[in-house]
>>> print(open('upload39.cif').read())   # mmCIF, C-alpha atoms
data_coords
#
loop_
_atom_site.label_atom_id
_atom_site.label_comp_id
_atom_site.auth_asym_id
_atom_site.auth_seq_id
_atom_site.Cartn_x
_atom_site.Cartn_y
_atom_site.Cartn_z
CA MET A 7 19.17 21.67 -16.26
CA LYS A 8 17.35 24.81 -17.34
CA PRO A 9 18.42 28.15 -15.79
CA TYR A 10 16.30 29.24 -12.85
CA LYS A 11 13.66 31.89 -13.39
CA ILE A 12 13.23 34.27 -10.48
CA ILE A 13 10.56 36.93 -10.15
CA LEU A 14 10.78 39.72 -7.58
CA SER A 15 8.48 42.49 -6.47
CA GLY A 16 9.16 45.37 -4.13
CA GLY A 17 8.64 49.05 -4.60
CA GLY A 18 7.03 52.35 -3.89
CA THR A 19 10.03 53.55 -1.90
CA GLY A 20 13.74 52.81 -1.80
CA GLY A 21 13.14 50.83 1.37
CA HIS A 22 11.34 48.16 -0.67
CA ILE A 23 13.28 48.48 -3.93
CA TYR A 24 16.89 48.22 -2.77
CA PRO A 25 16.40 45.05 -0.69
CA ALA A 26 14.90 43.38 -3.77
CA ILE A 27 17.81 44.52 -5.93
CA ALA A 28 20.32 43.33 -3.31
CA ILE A 29 18.68 39.89 -3.23
CA ALA A 30 18.67 39.71 -7.04
CA ASN A 31 22.34 40.68 -7.24
CA GLU A 32 23.34 37.96 -4.78
CA LEU A 33 21.28 35.37 -6.67
CA LYS A 34 22.90 36.50 -9.92
CA LEU A 35 26.34 35.93 -8.39
CA ARG A 36 25.39 32.38 -7.49
CA TYR A 37 23.43 31.64 -10.66
CA PRO A 38 24.85 33.74 -13.53
CA ASP A 39 22.54 32.05 -16.06
CA ALA A 40 19.36 32.70 -14.06
CA GLN A 41 16.63 34.86 -15.58
CA PHE A 42 15.23 37.70 -13.49
CA LEU A 43 12.07 39.74 -13.77
CA PHE A 44 10.88 42.48 -11.44
CA VAL A 45 7.27 43.57 -11.11
CA GLY A 46 6.45 47.02 -9.72
CA ALA A 47 3.81 49.72 -9.61
CA SER A 48 3.77 51.41 -13.02
CA ASP A 49 4.00 54.99 -11.69
CA ARG A 50 6.52 54.51 -8.88
CA MET A 51 10.27 54.91 -8.64
CA GLU A 52 11.06 51.20 -9.17
CA MET A 53 10.30 51.70 -12.87
CA GLU A 54 13.44 53.86 -13.01
CA LYS A 55 15.70 52.34 -10.34
CA VAL A 56 15.37 48.67 -11.30
CA PRO A 57 16.46 49.15 -14.95
CA GLN A 58 19.34 51.30 -13.68
CA ALA A 59 20.43 48.25 -11.67
CA GLY A 60 20.38 46.13 -14.84
CA PHE A 61 17.12 44.19 -14.46
CA ASP A 62 13.93 44.02 -16.50
CA ILE A 63 10.71 45.22 -14.89
CA LYS A 64 7.01 45.17 -15.73
CA GLY A 65 4.51 47.58 -14.18
CA LEU A 66 1.11 47.01 -12.62
CA TRP A 67 -1.63 49.64 -12.29
CA ILE A 68 -1.80 49.53 -8.50
CA SER A 69 -1.59 51.87 -5.50
CA GLY A 70 -2.29 51.76 -1.80
CA ILE A 71 -5.46 52.70 0.03
CA GLN A 72 -5.57 56.27 1.37
CA ARG A 73 -6.57 56.89 4.99
CA LYS A 74 -9.42 59.18 3.95
CA LEU A 75 -12.07 58.94 1.27
CA THR A 76 -10.52 59.98 -2.04
CA PHE A 77 -10.99 59.34 -5.74
CA LYS A 78 -7.93 57.06 -5.58
CA ASN A 79 -9.70 54.89 -3.01
CA LEU A 80 -12.73 54.61 -5.27
CA MET A 81 -10.43 53.43 -8.05
CA PHE A 82 -8.68 50.82 -5.88
CA PRO A 83 -10.97 47.86 -6.70
CA PHE A 84 -10.49 48.47 -10.41
CA LYS A 85 -6.73 48.76 -9.98
CA LEU A 86 -6.63 45.56 -7.95
CA ILE A 87 -8.57 43.59 -10.56
CA SER A 88 -6.38 45.00 -13.35
CA SER A 89 -3.20 44.16 -11.41
CA LEU A 90 -4.29 40.61 -10.61
CA TRP A 91 -5.15 40.07 -14.28
CA LYS A 92 -1.79 41.40 -15.49
CA ALA A 93 0.13 39.58 -12.73
CA ASN A 94 -1.54 36.35 -13.85
CA THR A 95 -0.39 36.96 -17.41
CA ILE A 96 3.17 37.77 -16.26
CA VAL A 97 3.47 34.67 -14.07
CA ARG A 98 1.92 32.40 -16.71
CA ARG A 99 4.34 33.58 -19.40
CA PHE A 100 7.51 33.88 -17.28
CA LYS A 101 6.97 30.58 -15.38
CA PRO A 102 9.09 31.49 -12.33
CA ASP A 103 10.68 28.88 -10.08
CA VAL A 104 10.31 31.18 -7.07
CA ALA A 105 8.69 34.54 -6.28
CA ILE A 106 10.17 37.00 -3.80
CA GLY A 107 8.33 39.96 -2.28
CA THR A 108 9.97 42.78 -0.33
CA GLY A 109 6.84 44.86 0.27
CA GLY A 110 5.07 47.62 -1.60
CA PHE A 111 1.81 47.77 -3.53
CA ALA A 112 2.74 45.56 -6.46
CA SER A 113 4.01 42.64 -4.40
CA GLY A 114 0.47 41.84 -3.23
CA PRO A 115 -1.08 40.92 -6.60
CA LEU A 116 2.10 39.29 -7.86
CA LEU A 117 2.68 36.98 -4.90
CA GLN A 118 -1.02 36.21 -4.59
CA ILE A 119 -1.03 34.94 -8.17
CA ALA A 120 2.26 33.08 -7.65
CA ASN A 121 0.79 31.35 -4.60
CA SER A 122 -2.36 30.40 -6.51
CA LYS A 123 -0.24 28.75 -9.22
CA GLY A 124 1.90 26.76 -6.79
CA VAL A 125 5.03 28.89 -7.17
CA PRO A 126 6.92 28.91 -3.85
CA THR A 127 7.05 32.41 -2.36
CA LEU A 128 9.35 34.14 0.10
CA ILE A 129 8.51 37.40 1.88
CA GLN A 130 11.15 39.76 3.22
CA GLU A 131 9.65 41.99 5.93
CA GLN A 132 11.87 44.93 6.85
CA ASN A 133 9.93 46.58 9.66
CA SER A 134 9.12 45.91 13.30
CA TYR A 135 5.44 46.26 12.35
CA PRO A 136 4.44 44.58 9.06
CA GLY A 137 2.29 46.22 6.42
CA ILE A 138 -1.09 44.95 5.29
CA THR A 139 0.32 43.34 2.14
CA ASN A 140 2.83 41.10 3.89
CA LYS A 141 0.41 40.14 6.67
CA PHE A 142 -2.02 38.97 3.99
CA LEU A 143 0.61 37.13 1.94
CA ALA A 144 2.13 35.39 4.98
CA LYS A 145 -0.62 32.78 5.09
CA LYS A 146 0.62 31.06 1.93
CA ALA A 147 4.30 32.10 1.88
CA LYS A 148 6.84 29.33 2.37
CA LYS A 149 9.40 31.52 4.17
CA ILE A 150 9.25 34.90 5.92
CA CYS A 151 12.61 36.62 6.46
CA VAL A 152 12.50 39.33 9.14
CA ALA A 153 14.80 41.87 10.77
CA TYR A 154 13.21 42.18 14.21
CA ASP A 155 12.22 39.90 17.06
CA ASN A 156 8.65 39.17 18.21
CA LEU A 157 7.02 39.09 14.77
CA GLU A 158 5.24 35.84 15.57
CA ARG A 159 2.38 38.17 16.59
CA PHE A 160 1.78 38.69 12.89
CA PHE A 161 3.29 35.71 11.07
CA PRO A 162 3.26 31.91 11.53
CA GLN A 163 6.22 31.21 13.79
CA ASP A 164 7.39 28.14 11.87
CA LYS A 165 7.92 30.25 8.72
CA ILE A 166 9.96 33.05 10.35
CA ILE A 167 13.73 33.32 9.86
CA LYS A 168 15.55 36.29 11.38
CA THR A 169 18.05 37.44 8.78
CA GLY A 170 18.15 41.21 9.00
CA ASN A 171 17.54 43.52 6.06
CA PRO A 172 19.48 43.38 2.78
CA VAL A 173 21.59 46.43 2.05
CA ARG A 174 23.35 47.75 -0.99
CA GLN A 175 26.62 45.87 -1.48
CA GLY A 176 28.61 49.06 -1.86
CA LEU A 177 28.00 49.92 1.80
CA LEU A 178 30.03 47.01 3.14
CA ASP A 179 33.38 48.66 2.42
CA ILE A 180 32.74 52.38 2.85
CA ASP A 181 35.75 52.75 5.17
CA THR A 182 37.95 52.48 2.07
CA LYS A 183 36.01 55.17 0.17
CA ARG A 184 36.47 58.24 2.38
CA GLU A 185 38.97 60.01 0.13
CA GLU A 186 36.95 59.26 -3.01
CA ALA A 187 33.80 60.53 -1.28
CA ILE A 188 35.39 63.81 -0.23
CA LYS A 189 36.45 64.43 -3.83
CA HIS A 190 33.08 63.37 -5.23
CA PHE A 191 31.18 65.88 -3.08
CA ASP A 192 33.98 68.49 -3.21
CA LEU A 193 34.02 68.78 0.59
CA LYS A 194 36.16 71.15 2.62
CA PRO A 195 38.72 69.73 5.04
CA GLY A 196 38.30 70.78 8.66
CA LYS A 197 34.50 70.89 8.56
CA VAL A 198 32.11 68.32 9.97
CA THR A 199 30.04 66.73 7.20
CA LEU A 200 26.36 66.31 8.04
CA LEU A 201 24.35 63.94 5.85
CA VAL A 202 20.59 64.52 5.92
CA ILE A 203 18.40 61.75 4.49
CA GLY A 204 14.63 61.70 4.74
CA GLY A 205 13.91 58.83 2.37
CA SER A 206 13.68 58.69 -1.41
CA LEU A 207 10.53 60.80 -1.61
CA GLY A 208 11.60 63.17 1.15
CA ALA A 209 10.55 64.02 4.70
CA ARG A 210 8.63 67.29 5.02
CA ARG A 211 9.40 67.93 8.70
CA ILE A 212 13.11 67.18 8.37
CA ASN A 213 13.35 69.49 5.38
CA GLN A 214 11.59 72.24 7.31
CA LEU A 215 13.99 71.73 10.20
CA ILE A 216 17.13 71.99 8.05
CA GLU A 217 15.80 75.08 6.26
CA LYS A 218 15.02 76.76 9.58
CA LYS A 219 18.38 75.80 11.14
CA LEU A 220 20.76 76.63 8.28
CA ASP A 221 22.18 79.67 10.08
CA PHE A 222 22.59 77.67 13.30
CA LEU A 223 24.28 74.82 11.44
CA ASP A 224 26.67 77.30 9.86
CA THR A 225 27.80 78.34 13.36
CA GLN A 226 28.58 74.67 14.12
CA ASN A 227 31.28 74.48 11.43
CA VAL A 228 29.14 72.03 9.45
CA GLN A 229 28.89 71.33 5.72
CA ILE A 230 25.69 69.64 4.61
CA ILE A 231 24.81 66.97 2.06
CA TRP A 232 21.03 67.25 2.05
CA GLN A 233 18.84 64.73 0.23
CA CYS A 234 15.50 66.53 0.33
CA GLY A 235 13.63 63.99 -1.81
CA LYS A 236 11.73 63.99 -5.07
CA LEU A 237 8.61 65.65 -3.63
CA TYR A 238 10.51 68.63 -2.21
CA TYR A 239 13.45 69.28 -4.52
CA GLN A 240 11.89 72.18 -6.41
CA GLN A 241 11.15 73.89 -3.09
CA TYR A 242 14.56 73.48 -1.48
CA LYS A 243 17.05 73.42 -4.36
CA ILE A 244 17.62 77.19 -3.93
CA TYR A 245 19.66 76.43 -0.81
CA GLY A 246 22.15 74.55 -2.92
CA ASN A 247 23.59 77.95 -3.73
CA THR A 248 24.23 78.58 -0.04
CA LYS A 249 27.79 78.16 1.19
CA ASN A 250 28.52 74.74 2.68
CA VAL A 251 25.13 73.31 1.60
CA GLN A 252 24.49 70.78 -1.17
CA VAL A 253 20.87 69.95 -1.99
CA HIS A 254 20.08 66.72 -3.85
CA GLU A 255 16.79 65.32 -5.05
CA PHE A 256 18.20 61.82 -4.66
CA LEU A 257 21.63 60.38 -3.90
CA ASN A 258 22.49 57.59 -6.32
CA ASN A 259 25.92 57.11 -4.72
CA MET A 260 24.81 56.36 -1.18
CA ASP A 261 28.04 54.51 -0.46
CA LEU A 262 29.98 57.72 -1.08
CA ALA A 263 27.45 59.81 0.87
CA TYR A 264 27.83 57.56 3.91
CA ALA A 265 31.62 57.45 3.49
CA ALA A 266 31.76 61.26 3.46
CA ALA A 267 29.47 61.72 6.47
CA ASP A 268 30.66 62.40 10.00
CA VAL A 269 27.13 62.66 11.43
CA VAL A 270 23.79 61.55 9.94
CA ILE A 271 20.23 62.81 10.44
CA SER A 272 17.74 60.23 9.19
CA ARG A 273 14.24 58.88 9.28
CA ALA A 274 14.00 55.45 10.90
CA GLY A 275 12.63 53.31 8.12
CA ALA A 276 13.81 49.74 8.46
CA SER A 277 16.20 49.77 5.51
CA SER A 278 17.75 53.05 6.63
CA VAL A 279 18.30 51.67 10.13
CA SER A 280 19.93 48.53 8.73
CA GLU A 281 22.20 50.54 6.44
CA LEU A 282 23.22 52.89 9.24
CA CYS A 283 24.14 49.96 11.46
CA ILE A 284 26.49 48.70 8.76
CA VAL A 285 28.14 52.04 7.99
CA GLY A 286 28.71 52.79 11.68
CA LYS A 287 28.24 56.56 11.82
CA PRO A 288 26.70 58.58 14.69
CA VAL A 289 23.01 59.07 13.92
CA ILE A 290 20.18 61.31 15.07
CA PHE A 291 16.93 59.55 14.19
CA ILE A 292 13.82 61.66 13.56
CA PRO A 293 11.14 58.98 13.09
CA SER A 294 8.08 59.62 10.97
CA PRO A 295 4.97 59.62 13.18
CA ASN A 296 2.75 59.04 10.13
CA VAL A 297 3.29 55.30 9.80
CA ALA A 298 1.39 52.23 10.98
CA GLU A 299 1.71 51.59 14.72
CA ASP A 300 4.44 54.24 14.94
CA HIS A 301 6.86 51.56 13.77
CA GLN A 302 9.65 53.99 12.88
CA THR A 303 9.92 55.02 16.52
CA LYS A 304 10.09 51.33 17.45
CA ASN A 305 12.79 50.77 14.81
CA ALA A 306 14.82 53.68 16.19
CA MET A 307 14.37 52.73 19.84
CA ALA A 308 15.75 49.25 19.15
CA VAL A 309 19.04 51.08 18.42
CA VAL A 310 18.76 53.93 20.92
CA ASP A 311 18.15 51.49 23.78
CA LYS A 312 21.58 49.99 23.04
CA ASP A 313 23.21 53.46 23.37
CA ALA A 314 23.92 53.31 19.64
CA ALA A 315 22.04 56.38 18.34
CA MET A 316 20.11 59.47 19.37
CA ILE A 317 16.43 60.15 18.78
CA ILE A 318 14.43 63.37 18.59
CA LYS A 319 10.70 63.08 17.99
CA GLU A 320 9.13 65.53 15.54
CA GLU A 321 7.13 67.15 18.33
CA ASP A 322 10.36 67.89 20.24
CA LEU A 323 12.46 69.27 17.37
CA ASP A 324 11.91 72.96 18.11
CA ALA A 325 12.76 72.52 21.78
CA ASP A 326 15.60 69.97 21.60
CA PHE A 327 17.39 69.98 18.26
CA GLN A 328 19.91 72.79 18.72
CA ASN A 329 20.96 71.68 22.18
CA LYS A 330 21.35 67.99 21.31
CA PHE A 331 23.04 68.63 17.97
CA SER A 332 25.57 71.14 19.32
CA LYS A 333 26.49 68.80 22.19
CA LEU A 334 27.10 65.93 19.76
CA ILE A 335 29.17 68.03 17.37
CA ALA A 336 31.30 69.27 20.28
CA ALA A 337 32.03 65.72 21.47
CA PRO A 338 34.13 63.68 18.98
CA ASP A 339 34.55 60.91 21.56
CA ARG A 340 30.77 60.56 21.85
CA GLN A 341 30.46 60.48 18.07
CA ALA A 342 33.00 57.67 17.90
CA GLU A 343 31.23 55.76 20.69
CA LEU A 344 27.87 55.94 18.92
CA GLY A 345 29.50 54.83 15.68
CA ARG A 346 31.09 51.80 17.36
CA ASN A 347 27.91 50.85 19.21
CA ILE A 348 25.63 51.02 16.17
CA LYS A 349 28.05 48.97 14.08
CA GLU A 350 27.87 46.15 16.65
CA LEU A 351 24.15 45.79 15.81
CA ALA A 352 24.73 45.21 12.10
CA LEU A 353 23.56 41.95 10.52
CA VAL A 354 26.06 42.07 7.69
CA ASN A 355 25.15 38.70 6.18
CA ALA A 356 21.44 39.48 5.75
CA THR A 357 21.41 39.30 1.95
CA LYS A 358 23.32 36.02 1.84
CA ASP A 359 21.14 34.50 4.56
CA ILE A 360 17.96 35.43 2.67
CA VAL A 361 19.34 34.01 -0.56
CA ASN A 362 20.22 30.80 1.30
CA GLU A 363 16.50 30.48 2.09
CA VAL A 364 15.61 31.20 -1.55
CA GLU A 365 18.00 28.44 -2.61
CA LYS A 366 16.21 25.95 -0.37
CA LEU A 367 12.95 26.76 -2.19
CA LEU A 368 14.62 26.46 -5.58
CA LYS A 369 16.06 23.05 -4.79
CA LYS A 370 12.94 21.47 -3.32
#
>>> encode(input="upload39.cif", output="structure tokens")
Amino acid sequence: MKPYKIILSGGGTGGHIYPAIAIANELKLRYPDAQFLFVGASDRMEMEKVPQAGFDIKGLWISGIQRKLTFKNLMFPFKLISSLWKANTIVRRFKPDVAIGTGGFASGPLLQIANSKGVPTLIQEQNSYPGITNKFLAKKAKKICVAYDNLERFFPQDKIIKTGNPVRQGLLDIDTKREEAIKHFDLKPGKVTLLVIGGSLGARRINQLIEKKLDFLDTQNVQIIWQCGKLYYQQYKIYGNTKNVQVHEFLNNMDLAYAAADVVISRAGASSVSELCIVGKPVIFIPSPNVAEDHQTKNAMAVVDKDAAMIIKEEDLDADFQNKFSKLIAAPDRQAELGRNIKELALVNATKDIVNEVEKLLKK
């Protein structure tokens, strides 16, 4: 029997890339001889992160549609035609046995072509509110793996399997990495470690908050690991010279960052929420309001409603942050309670469950 050929597409942000890599790694464990190919957007971070993970990738000239009239929007039809043409060439030459999409611009053309050629496709939808690409692709997908309930509003119910979101394998055993993490980040004993993560590209409002509150945070006996993101690193890297503050463009060792953290401030993208459930640390979610249907707030509230995290909306940061943060830092018992509660929500077998569904498609 010939080795399986598996094509994957997911990108634009870490929230789409890392689930795809996690799925590929699990498939590689089960089928060491399988051939893998990723397809991404040619100017996005997957072109760097996927090869770092040990997989080949090809790029498409594709981007999303902006909310206002821009030159990029005028170029979109040309990009779409170009991407469909190249995706057709890629699929024809690679001859995949299955195609997997985890969201992002490039997954649309790739899975559309795969569907048109009779290649079985599986979609992995991370969010409580699906994006345009996955809603479009759902019509012809064989399986749709989701992380939230009530998505039959958007997808055919008979195709939906609730699996949870894949996470990086290194996060499953972070309890054993605390000492290594403290050494890696050169942290000081006796201080609370605050991890600030706004996503791979960065979160403008969170970065503004941390900059404004550095003096306050210093009074709270806090040391900070601050991932400010690619878009903001040049602006905020100067604070890396401040005592008890480390500024990073991107954290490649997220397992160690989570292991080092005592408290986390985070956006509420679906992958981040899933990871934080697994690592079991007290979290303050600051959802992005600039997303479809305010789905980050919905993602966060699914956790907050179980008394498993805190939430502060962007509009309330100036009024509420100092009071809520200082109360949490002063209450170790409350920190431990939040950590326990959020860990109970983890779907730790998500990657394996998704790959089980992929296997069913491979063996049909």
>>> resolve_selection(input="upload39.cif", expression="the PyMOL selection byres ((chain A and resi 98-108) around 6)", output="ChimeraX atom specification")
/A:11-16,22,94-97,109,113,125-130
>>> resolve_selection(input="upload39.cif", expression="the PyMOL selection byres ((chain A and resi 252) around 10)", output="PyMOL selection string")
chain A and resi 191-193+201+229-233+243-251+253-254
>>> closest_residue(input="upload39.cif", among="A:Lys189, A:Lys236, A:Lys319, A:Lys146", to="Phe161 of chain A", atoms="only C-alpha atoms")
A:Lys146
>>> atom_distance(input="upload39.cif", atom1="atom CA of Leu344 of chain A", atom2="atom CA of Lys183 of chain A")
20.5 Å
>>> closest_residue(input="upload39.cif", among="A:Ala356, A:Phe111, A:Val202, A:Ile284", to="Gly176 of chain A", atoms="only C-alpha atoms")
A:Ile284
>>> resolve_selection(input="upload39.cif", expression="the PyMOL selection byres ((chain A and resi 8) around 10)", output="list in words")
Met7, Pro9, Tyr10, Lys11, Asp39 and Ala40 of chain A
>>> decode(input="upload39.cif", residues="segment 337-348 of chain A", atoms="all heavy atoms", output="PDB file, in the first residue's frame")
ATOM      1  N   ALA A 337      -4.928  37.441  46.245  1.00  0.00           N
ATOM      2  CA  ALA A 337      -5.734  36.294  46.686  1.00  0.00           C
ATOM      3  C   ALA A 337      -5.226  35.000  46.045  1.00  0.00           C
ATOM      4  O   ALA A 337      -5.806  34.514  45.059  1.00  0.00           O
ATOM      5  CB  ALA A 337      -7.199  36.522  46.325  1.00  0.00           C
ATOM      6  N   PRO A 338      -4.162  34.394  46.601  1.00  0.00           N
ATOM      7  CA  PRO A 338      -3.633  33.142  46.032  1.00  0.00           C
ATOM      8  C   PRO A 338      -4.677  32.026  45.980  1.00  0.00           C
ATOM      9  O   PRO A 338      -4.664  31.210  45.055  1.00  0.00           O
ATOM     10  CB  PRO A 338      -2.482  32.785  46.984  1.00  0.00           C
ATOM     11  CG  PRO A 338      -2.075  34.083  47.602  1.00  0.00           C
ATOM     12  CD  PRO A 338      -3.335  34.892  47.713  1.00  0.00           C
ATOM     13  N   ASP A 339      -5.565  31.984  46.966  1.00  0.00           N
ATOM     14  CA  ASP A 339      -6.599  30.939  46.966  1.00  0.00           C
ATOM     15  C   ASP A 339      -7.529  31.098  45.768  1.00  0.00           C
ATOM     16  O   ASP A 339      -7.948  30.104  45.148  1.00  0.00           O
ATOM     17  CB  ASP A 339      -7.419  30.982  48.256  1.00  0.00           C
ATOM     18  CG  ASP A 339      -6.620  30.510  49.464  1.00  0.00           C
ATOM     19  OD1 ASP A 339      -5.536  29.922  49.256  1.00  0.00           O
ATOM     20  OD2 ASP A 339      -7.073  30.728  50.600  1.00  0.00           O
ATOM     21  N   ARG A 340      -7.861  32.352  45.438  1.00  0.00           N
ATOM     22  CA  ARG A 340      -8.723  32.601  44.279  1.00  0.00           C
ATOM     23  C   ARG A 340      -7.992  32.245  42.988  1.00  0.00           C
ATOM     24  O   ARG A 340      -8.598  31.685  42.059  1.00  0.00           O
ATOM     25  CB  ARG A 340      -9.146  34.072  44.265  1.00  0.00           C
ATOM     26  CG  ARG A 340     -10.030  34.474  43.086  1.00  0.00           C
ATOM     27  CD  ARG A 340     -11.309  33.677  43.040  1.00  0.00           C
ATOM     28  NE  ARG A 340     -12.204  34.135  41.981  1.00  0.00           N
ATOM     29  CZ  ARG A 340     -13.122  33.370  41.394  1.00  0.00           C
ATOM     30  NH1 ARG A 340     -13.282  32.105  41.773  1.00  0.00           N
ATOM     31  NH2 ARG A 340     -13.899  33.860  40.452  1.00  0.00           N
ATOM     32  N   GLN A 341      -6.703  32.542  42.921  1.00  0.00           N
ATOM     33  CA  GLN A 341      -5.921  32.153  41.751  1.00  0.00           C
ATOM     34  C   GLN A 341      -5.961  30.636  41.552  1.00  0.00           C
ATOM     35  O   GLN A 341      -6.173  30.146  40.448  1.00  0.00           O
ATOM     36  CB  GLN A 341      -4.473  32.606  41.905  1.00  0.00           C
ATOM     37  CG  GLN A 341      -4.267  34.115  41.915  1.00  0.00           C
ATOM     38  CD  GLN A 341      -2.826  34.484  42.226  1.00  0.00           C
ATOM     39  OE1 GLN A 341      -1.893  33.811  41.808  1.00  0.00           O
ATOM     40  NE2 GLN A 341      -2.643  35.556  42.983  1.00  0.00           N
ATOM     41  N   ALA A 342      -5.765  29.906  42.645  1.00  0.00           N
ATOM     42  CA  ALA A 342      -5.762  28.443  42.562  1.00  0.00           C
ATOM     43  C   ALA A 342      -7.137  27.919  42.141  1.00  0.00           C
ATOM     44  O   ALA A 342      -7.240  26.975  41.346  1.00  0.00           O
ATOM     45  CB  ALA A 342      -5.360  27.851  43.913  1.00  0.00           C
ATOM     46  N   GLU A 343      -8.197  28.542  42.655  1.00  0.00           N
ATOM     47  CA  GLU A 343      -9.557  28.118  42.314  1.00  0.00           C
ATOM     48  C   GLU A 343      -9.830  28.319  40.823  1.00  0.00           C
ATOM     49  O   GLU A 343     -10.377  27.431  40.146  1.00  0.00           O
ATOM     50  CB  GLU A 343     -10.567  28.909  43.150  1.00  0.00           C
ATOM     51  CG  GLU A 343     -12.014  28.530  42.883  1.00  0.00           C
ATOM     52  CD  GLU A 343     -12.995  29.358  43.693  1.00  0.00           C
ATOM     53  OE1 GLU A 343     -12.707  30.561  43.939  1.00  0.00           O
ATOM     54  OE2 GLU A 343     -14.039  28.813  44.089  1.00  0.00           O
ATOM     55  N   LEU A 344      -9.455  29.483  40.302  1.00  0.00           N
ATOM     56  CA  LEU A 344      -9.648  29.735  38.872  1.00  0.00           C
ATOM     57  C   LEU A 344      -8.850  28.741  38.027  1.00  0.00           C
ATOM     58  O   LEU A 344      -9.335  28.249  37.008  1.00  0.00           O
ATOM     59  CB  LEU A 344      -9.236  31.167  38.527  1.00  0.00           C
ATOM     60  CG  LEU A 344     -10.161  32.284  39.006  1.00  0.00           C
ATOM     61  CD1 LEU A 344      -9.527  33.648  38.743  1.00  0.00           C
ATOM     62  CD2 LEU A 344     -11.530  32.198  38.335  1.00  0.00           C
ATOM     63  N   GLY A 345      -7.630  28.452  38.465  1.00  0.00           N
ATOM     64  CA  GLY A 345      -6.800  27.491  37.741  1.00  0.00           C
ATOM     65  C   GLY A 345      -7.428  26.104  37.716  1.00  0.00           C
ATOM     66  O   GLY A 345      -7.431  25.431  36.676  1.00  0.00           O
ATOM     67  N   ARG A 346      -7.962  25.669  38.841  1.00  0.00           N
ATOM     68  CA  ARG A 346      -8.622  24.355  38.891  1.00  0.00           C
ATOM     69  C   ARG A 346      -9.867  24.332  38.006  1.00  0.00           C
ATOM     70  O   ARG A 346     -10.104  23.386  37.258  1.00  0.00           O
ATOM     71  CB  ARG A 346      -9.024  24.013  40.334  1.00  0.00           C
ATOM     72  CG  ARG A 346      -7.877  23.624  41.255  1.00  0.00           C
ATOM     73  CD  ARG A 346      -8.386  23.010  42.538  1.00  0.00           C
ATOM     74  NE  ARG A 346      -9.280  23.900  43.267  1.00  0.00           N
ATOM     75  CZ  ARG A 346      -8.887  24.802  44.167  1.00  0.00           C
ATOM     76  NH1 ARG A 346      -7.594  24.932  44.442  1.00  0.00           N
ATOM     77  NH2 ARG A 346      -9.764  25.570  44.794  1.00  0.00           N
ATOM     78  N   ASN A 347     -10.666  25.391  38.110  1.00  0.00           N
ATOM     79  CA  ASN A 347     -11.934  25.422  37.373  1.00  0.00           C
ATOM     80  C   ASN A 347     -11.728  25.437  35.865  1.00  0.00           C
ATOM     81  O   ASN A 347     -12.449  24.773  35.118  1.00  0.00           O
ATOM     82  CB  ASN A 347     -12.759  26.642  37.799  1.00  0.00           C
ATOM     83  CG  ASN A 347     -13.285  26.527  39.212  1.00  0.00           C
ATOM     84  OD1 ASN A 347     -13.187  25.465  39.842  1.00  0.00           O
ATOM     85  ND2 ASN A 347     -13.835  27.601  39.746  1.00  0.00           N
ATOM     86  N   ILE A 348     -10.736  26.216  35.397  1.00  0.00           N
ATOM     87  CA  ILE A 348     -10.529  26.290  33.946  1.00  0.00           C
ATOM     88  C   ILE A 348      -9.969  24.973  33.417  1.00  0.00           C
ATOM     89  O   ILE A 348     -10.303  24.549  32.299  1.00  0.00           O
ATOM     90  CB  ILE A 348      -9.621  27.493  33.572  1.00  0.00           C
ATOM     91  CG1 ILE A 348      -9.769  27.809  32.070  1.00  0.00           C
ATOM     92  CG2 ILE A 348      -8.170  27.244  33.917  1.00  0.00           C
ATOM     93  CD1 ILE A 348      -9.100  29.124  31.655  1.00  0.00           C
TER      94      ILE A 348
END
